[in-house]
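Novice: Here it is, the structure, as structure tokens.
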Amino acid sequence: MDSKLDKLFESKPQPVVWIEGIIGCGKTTLTKAISRKLNFRAIYEPVNLELLEMFYKDQDRWAFAMQIDLLHRRYALQKLASFESITGQGVVIDRGLPGDRVFAKMLYKAGKMDRIEWAIYERAYSVMTNSLIPPSVIIFMEVPPDVARERIRNRDRKAERGDLVPLAYLQELENGYLELLSEIESAYPAWSRGMKVIKLPFNTSDESEESINKVIGIIQDLI
């Protein structure tokens, strides 16, 4: 029998952890720390930087293309994460499908995706979320938009330079995430029932280290 199939029947399923938060909150930093300390597989945002830059420059033209591309890329990676989990490998993901929908919904409300595009996105999102194993834990990184904006400036990515990610955009994104968390905590989406949600401050270096250690301890209890 194939070694992967042997592992499938012999191993205890391991946690799948989703890291969520606004742009510049430190998701990648936390993802790397969890991966390193717990030997989890890290899965990072599947961003097409060329498309991202085009989107920031002309959101009306590229909003739907950007979001549907990200949705399909994330889905493929999360199917991989589900398989890794049941074969005994813990996985930590830098933003999951629900986080992706926060961005898409915000663009729809702003009129940058029309009604038909939003319906196409929602149909694809529903099919995908209903066919995934839900994560064990969702970690939401609580970082004020102005702090996140400064971090974005400091990392100096080409696609984010200038004022392509304004403070108002980050503030609106934070509101979208708070709405998502409220839905999850009330078990509104069926896939979220029984899921643990952790809200972590990730502001200063000391606070970040404390938050990382807290998360490590919570995840270790699930292993």
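Each chain in the structure tokens gets a letter, A, B, ..., in the order shown, and its residues are numbered from 1; ligands are numbered from 1 in order too.
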Would you mind listing what lies within 9 Å of A:Val92 as number ranges by chain, with only C-alpha atoms counted and same-chain residues fewer than 6 positions away left out?

Specialist: A: 15-19, 31-32, 34-35, 40-44, 81

Novice: Between atom CA of A:Ile218 and atom CA of A:Ile138, what is the spacing in Å?

Specialist: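 One can read the atom CA of A:Ile138 to atom CA of A:Ile218 distance as 11.5 Å.
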
Novice: In Å, how far is it from atom CA of A:Arg74 to atom CA of A:Ser126?

Specialist: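 Atom CA of A:Ser126 lies 13.6 Å from atom CA of A:Arg74.
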
Novice: Please run DSSP on the backbone and report, as a PyMOL selection string, all residues within stretch 119-189 of chain A that come out as helix (DSSP H, G or I).

Specialist: chain A and resi 119-130+145-155+158-160+167-185

Novice: Store the residues picked out above, limited to N, CA and C atoms, as a compact mmCIF listing (two decimals), in the first residue's frame.

Specialist:
```
# COMPACT_ATOMS: atom_id res chain seq x y z
N ALA A 119 -22.88 37.30 -7.53
CA ALA A 119 -23.62 36.04 -7.51
C ALA A 119 -22.71 34.88 -7.94
N ILE A 120 -21.88 35.11 -8.94
CA ILE A 120 -20.93 34.07 -9.38
C ILE A 120 -19.95 33.75 -8.26
N TYR A 121 -19.43 34.80 -7.63
CA TYR A 121 -18.49 34.60 -6.52
C TYR A 121 -19.14 33.83 -5.38
N GLU A 122 -20.33 34.23 -4.98
CA GLU A 122 -21.03 33.59 -3.86
C GLU A 122 -21.33 32.12 -4.14
N ARG A 123 -21.70 31.81 -5.37
CA ARG A 123 -21.98 30.42 -5.72
C ARG A 123 -20.72 29.57 -5.60
N ALA A 124 -19.61 30.09 -6.12
CA ALA A 124 -18.34 29.36 -6.03
C ALA A 124 -17.90 29.22 -4.58
N TYR A 125 -18.05 30.29 -3.81
CA TYR A 125 -17.66 30.28 -2.39
C TYR A 125 -18.46 29.24 -1.60
N SER A 126 -19.76 29.19 -1.84
CA SER A 126 -20.62 28.24 -1.13
C SER A 126 -20.23 26.80 -1.42
N VAL A 127 -20.00 26.48 -2.69
CA VAL A 127 -19.60 25.13 -3.07
C VAL A 127 -18.27 24.76 -2.40
N MET A 128 -17.34 25.69 -2.41
CA MET A 128 -16.01 25.41 -1.87
C MET A 128 -16.02 25.23 -0.36
N THR A 129 -16.67 26.13 0.37
CA THR A 129 -16.67 26.02 1.83
C THR A 129 -17.39 24.77 2.31
N ASN A 130 -18.42 24.36 1.59
CA ASN A 130 -19.17 23.16 1.98
C ASN A 130 -18.43 21.86 1.70
N PRO A 145 -5.89 49.74 12.30
CA PRO A 145 -5.57 50.05 10.91
C PRO A 145 -4.38 50.98 10.72
N ASP A 146 -4.20 51.96 11.62
CA ASP A 146 -3.07 52.88 11.44
C ASP A 146 -1.73 52.18 11.66
N VAL A 147 -1.70 51.21 12.59
CA VAL A 147 -0.48 50.43 12.81
C VAL A 147 -0.20 49.54 11.60
N ALA A 148 -1.25 48.91 11.09
CA ALA A 148 -1.10 48.07 9.90
C ALA A 148 -0.62 48.90 8.71
N ARG A 149 -1.14 50.11 8.57
CA ARG A 149 -0.72 51.00 7.47
C ARG A 149 0.77 51.30 7.54
N GLU A 150 1.27 51.52 8.74
CA GLU A 150 2.70 51.80 8.90
C GLU A 150 3.53 50.58 8.54
N ARG A 151 3.07 49.41 8.91
CA ARG A 151 3.79 48.18 8.57
C ARG A 151 3.83 47.96 7.06
N ILE A 152 2.73 48.28 6.40
CA ILE A 152 2.68 48.15 4.94
C ILE A 152 3.72 49.07 4.30
N ARG A 153 3.82 50.29 4.81
CA ARG A 153 4.82 51.23 4.28
C ARG A 153 6.24 50.71 4.52
N ASN A 154 6.47 50.14 5.69
CA ASN A 154 7.82 49.67 6.04
C ASN A 154 8.25 48.47 5.21
N ARG A 155 7.32 47.58 4.85
CA ARG A 155 7.72 46.40 4.08
C ARG A 155 7.91 46.74 2.59
N LYS A 158 6.18 46.48 -3.93
CA LYS A 158 5.91 47.29 -5.11
C LYS A 158 4.42 47.50 -5.33
N ALA A 159 3.63 46.44 -5.15
CA ALA A 159 2.20 46.52 -5.41
C ALA A 159 1.45 47.39 -4.40
N GLU A 160 2.13 47.76 -3.28
CA GLU A 160 1.45 48.50 -2.21
C GLU A 160 2.03 49.89 -2.00
N LEU A 167 -5.68 54.32 4.41
CA LEU A 167 -6.15 54.00 5.76
C LEU A 167 -7.64 53.69 5.76
N ALA A 168 -8.42 54.42 4.98
CA ALA A 168 -9.87 54.18 4.94
C ALA A 168 -10.18 52.76 4.46
N TYR A 169 -9.38 52.25 3.53
CA TYR A 169 -9.56 50.88 3.03
C TYR A 169 -9.33 49.87 4.15
N LEU A 170 -8.29 50.10 4.95
CA LEU A 170 -7.98 49.20 6.06
C LEU A 170 -9.05 49.27 7.15
N GLN A 171 -9.59 50.45 7.37
CA GLN A 171 -10.65 50.60 8.37
C GLN A 171 -11.91 49.86 7.94
N GLU A 172 -12.23 49.95 6.67
CA GLU A 172 -13.40 49.24 6.15
C GLU A 172 -13.18 47.73 6.21
N LEU A 173 -11.96 47.32 5.94
CA LEU A 173 -11.60 45.91 6.00
C LEU A 173 -11.74 45.37 7.42
N GLU A 174 -11.32 46.15 8.40
CA GLU A 174 -11.47 45.76 9.80
C GLU A 174 -12.95 45.56 10.15
N ASN A 175 -13.81 46.46 9.68
CA ASN A 175 -15.25 46.33 9.94
C ASN A 175 -15.82 45.05 9.32
N GLY A 176 -15.33 44.73 8.12
CA GLY A 176 -15.77 43.50 7.47
C GLY A 176 -15.37 42.27 8.25
N TYR A 177 -14.18 42.29 8.81
CA TYR A 177 -13.72 41.15 9.60
C TYR A 177 -14.51 41.02 10.90
N LEU A 178 -14.82 42.13 11.53
CA LEU A 178 -15.60 42.08 12.76
C LEU A 178 -16.99 41.49 12.49
N GLU A 179 -17.55 41.81 11.33
CA GLU A 179 -18.84 41.24 10.94
C GLU A 179 -18.71 39.73 10.74
N LEU A 180 -17.63 39.30 10.09
CA LEU A 180 -17.39 37.87 9.88
C LEU A 180 -17.26 37.14 11.22
N LEU A 181 -16.48 37.69 12.14
CA LEU A 181 -16.27 37.05 13.43
C LEU A 181 -17.58 36.93 14.20
N SER A 182 -18.42 37.95 14.10
CA SER A 182 -19.72 37.91 14.77
C SER A 182 -20.56 36.76 14.21
N GLU A 183 -20.52 36.58 12.90
CA GLU A 183 -21.27 35.48 12.27
C GLU A 183 -20.74 34.13 12.74
N ILE A 184 -19.42 33.98 12.77
CA ILE A 184 -18.81 32.71 13.17
C ILE A 184 -19.14 32.39 14.63
N GLU A 185 -19.04 33.39 15.49
CA GLU A 185 -19.29 33.17 16.91
C GLU A 185 -20.74 32.83 17.20
```

Novice: Within 7 Å of A:Gln14, counting only C-alpha atoms, which residues show up once you throw out same-chain ones fewer than 4 positions away? Write them as a PDB file with C-alpha atoms, in the first residue's frame, please.

Specialist:
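Produced file around-v4.pdb, reproduced below:
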```
ATOM      1  CA  SER A  85      -4.364  17.112   8.380  1.00  0.00           C
ATOM      2  CA  ILE A  86      -5.934  13.660   8.073  1.00  0.00           C
ATOM      3  CA  GLY A  88      -1.099  13.470  10.548  1.00  0.00           C
ATOM      4  CA  GLN A  89       0.455  16.789   9.528  1.00  0.00           C
ATOM      5  CA  GLY A  90      -0.613  20.000  11.252  1.00  0.00           C
ATOM      6  CA  ILE A 223      -2.590  17.883  19.140  1.00  0.00           C
TER       7      ILE A 223
END
```

Novice: Out of A:Lys112, A:Ser136, A:Arg73, A:Leu80, which residue has the shortest atom-to-atom distance to A:Gln220 when counting only C-alpha atoms?

Specialist: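 Closest to A:Gln220 of all the choices is A:Ser136.
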
Novice: Ranking A:Lys109, A:Leu38, A:Phe55, A:Phe64 by minimum distance to A:Gly217 and counting only C-alpha atoms, which one comes first?

Specialist: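 Distance minimum relative to A:Gly217 lands on A:Leu38.
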
Novice: Fewer than 3 positions away in the same chain doesn't count, so skip those; otherwise give me all residues within 10 Å of A:Asn48, counting only C-alpha atoms, as a VMD selection string.

Specialist: chain A and resid 45 51 to 53 66 69 to 70 73

Novice: Go ahead and save the residues from that selection, with N, CA and C atoms, as a PDB file, in the first residue's frame.

Specialist:
```pdb
ATOM      1  N   GLU A  45      -0.470  33.087   1.538  1.00  0.00           N
ATOM      2  CA  GLU A  45      -1.415  33.657   0.580  1.00  0.00           C
ATOM      3  C   GLU A  45      -0.920  33.476  -0.849  1.00  0.00           C
ATOM      4  N   LEU A  51      -1.292  40.860 -10.833  1.00  0.00           N
ATOM      5  CA  LEU A  51      -2.719  41.143 -10.781  1.00  0.00           C
ATOM      6  C   LEU A  51      -3.057  42.045  -9.599  1.00  0.00           C
ATOM      7  N   LEU A  52      -2.359  41.852  -8.475  1.00  0.00           N
ATOM      8  CA  LEU A  52      -2.586  42.686  -7.295  1.00  0.00           C
ATOM      9  C   LEU A  52      -2.287  44.150  -7.599  1.00  0.00           C
ATOM     10  N   GLU A  53      -1.176  44.397  -8.284  1.00  0.00           N
ATOM     11  CA  GLU A  53      -0.817  45.769  -8.630  1.00  0.00           C
ATOM     12  C   GLU A  53      -1.846  46.372  -9.590  1.00  0.00           C
ATOM     13  N   MET A  66      -9.569  39.631  -9.622  1.00  0.00           N
ATOM     14  CA  MET A  66      -8.680  39.448  -8.474  1.00  0.00           C
ATOM     15  C   MET A  66      -9.299  38.481  -7.466  1.00  0.00           C
ATOM     16  N   ASP A  69      -9.850  34.783  -8.753  1.00  0.00           N
ATOM     17  CA  ASP A  69      -8.543  34.127  -8.860  1.00  0.00           C
ATOM     18  C   ASP A  69      -8.052  33.688  -7.484  1.00  0.00           C
ATOM     19  N   LEU A  70      -8.134  34.578  -6.507  1.00  0.00           N
ATOM     20  CA  LEU A  70      -7.709  34.249  -5.151  1.00  0.00           C
ATOM     21  C   LEU A  70      -8.557  33.134  -4.554  1.00  0.00           C
ATOM     22  N   ARG A  73      -7.445  29.796  -5.967  1.00  0.00           N
ATOM     23  CA  ARG A  73      -6.109  29.441  -5.474  1.00  0.00           C
ATOM     24  C   ARG A  73      -6.171  28.992  -4.012  1.00  0.00           C
TER      25      ARG A  73
END
```

Novice: Using only C-alpha atoms, which of the listed residues (A:Trp118, A:Ala110, A:Leu30, A:Glu50) sits closest to A:Gln67?

Specialist: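 Closest residue, counting only C-alpha atoms: A:Trp118.
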
Novice: Determine the nearest neighbour of A:Glu209 from the options A:Met54, A:Gly24, A:Asp94, A:Thr29, counting only C-alpha atoms.

Specialist: A:Thr29

Novice: Do you have the atom CA of A:Pro201-atom CA of A:Leu132 distance handy?

Specialist: 28.2 Å
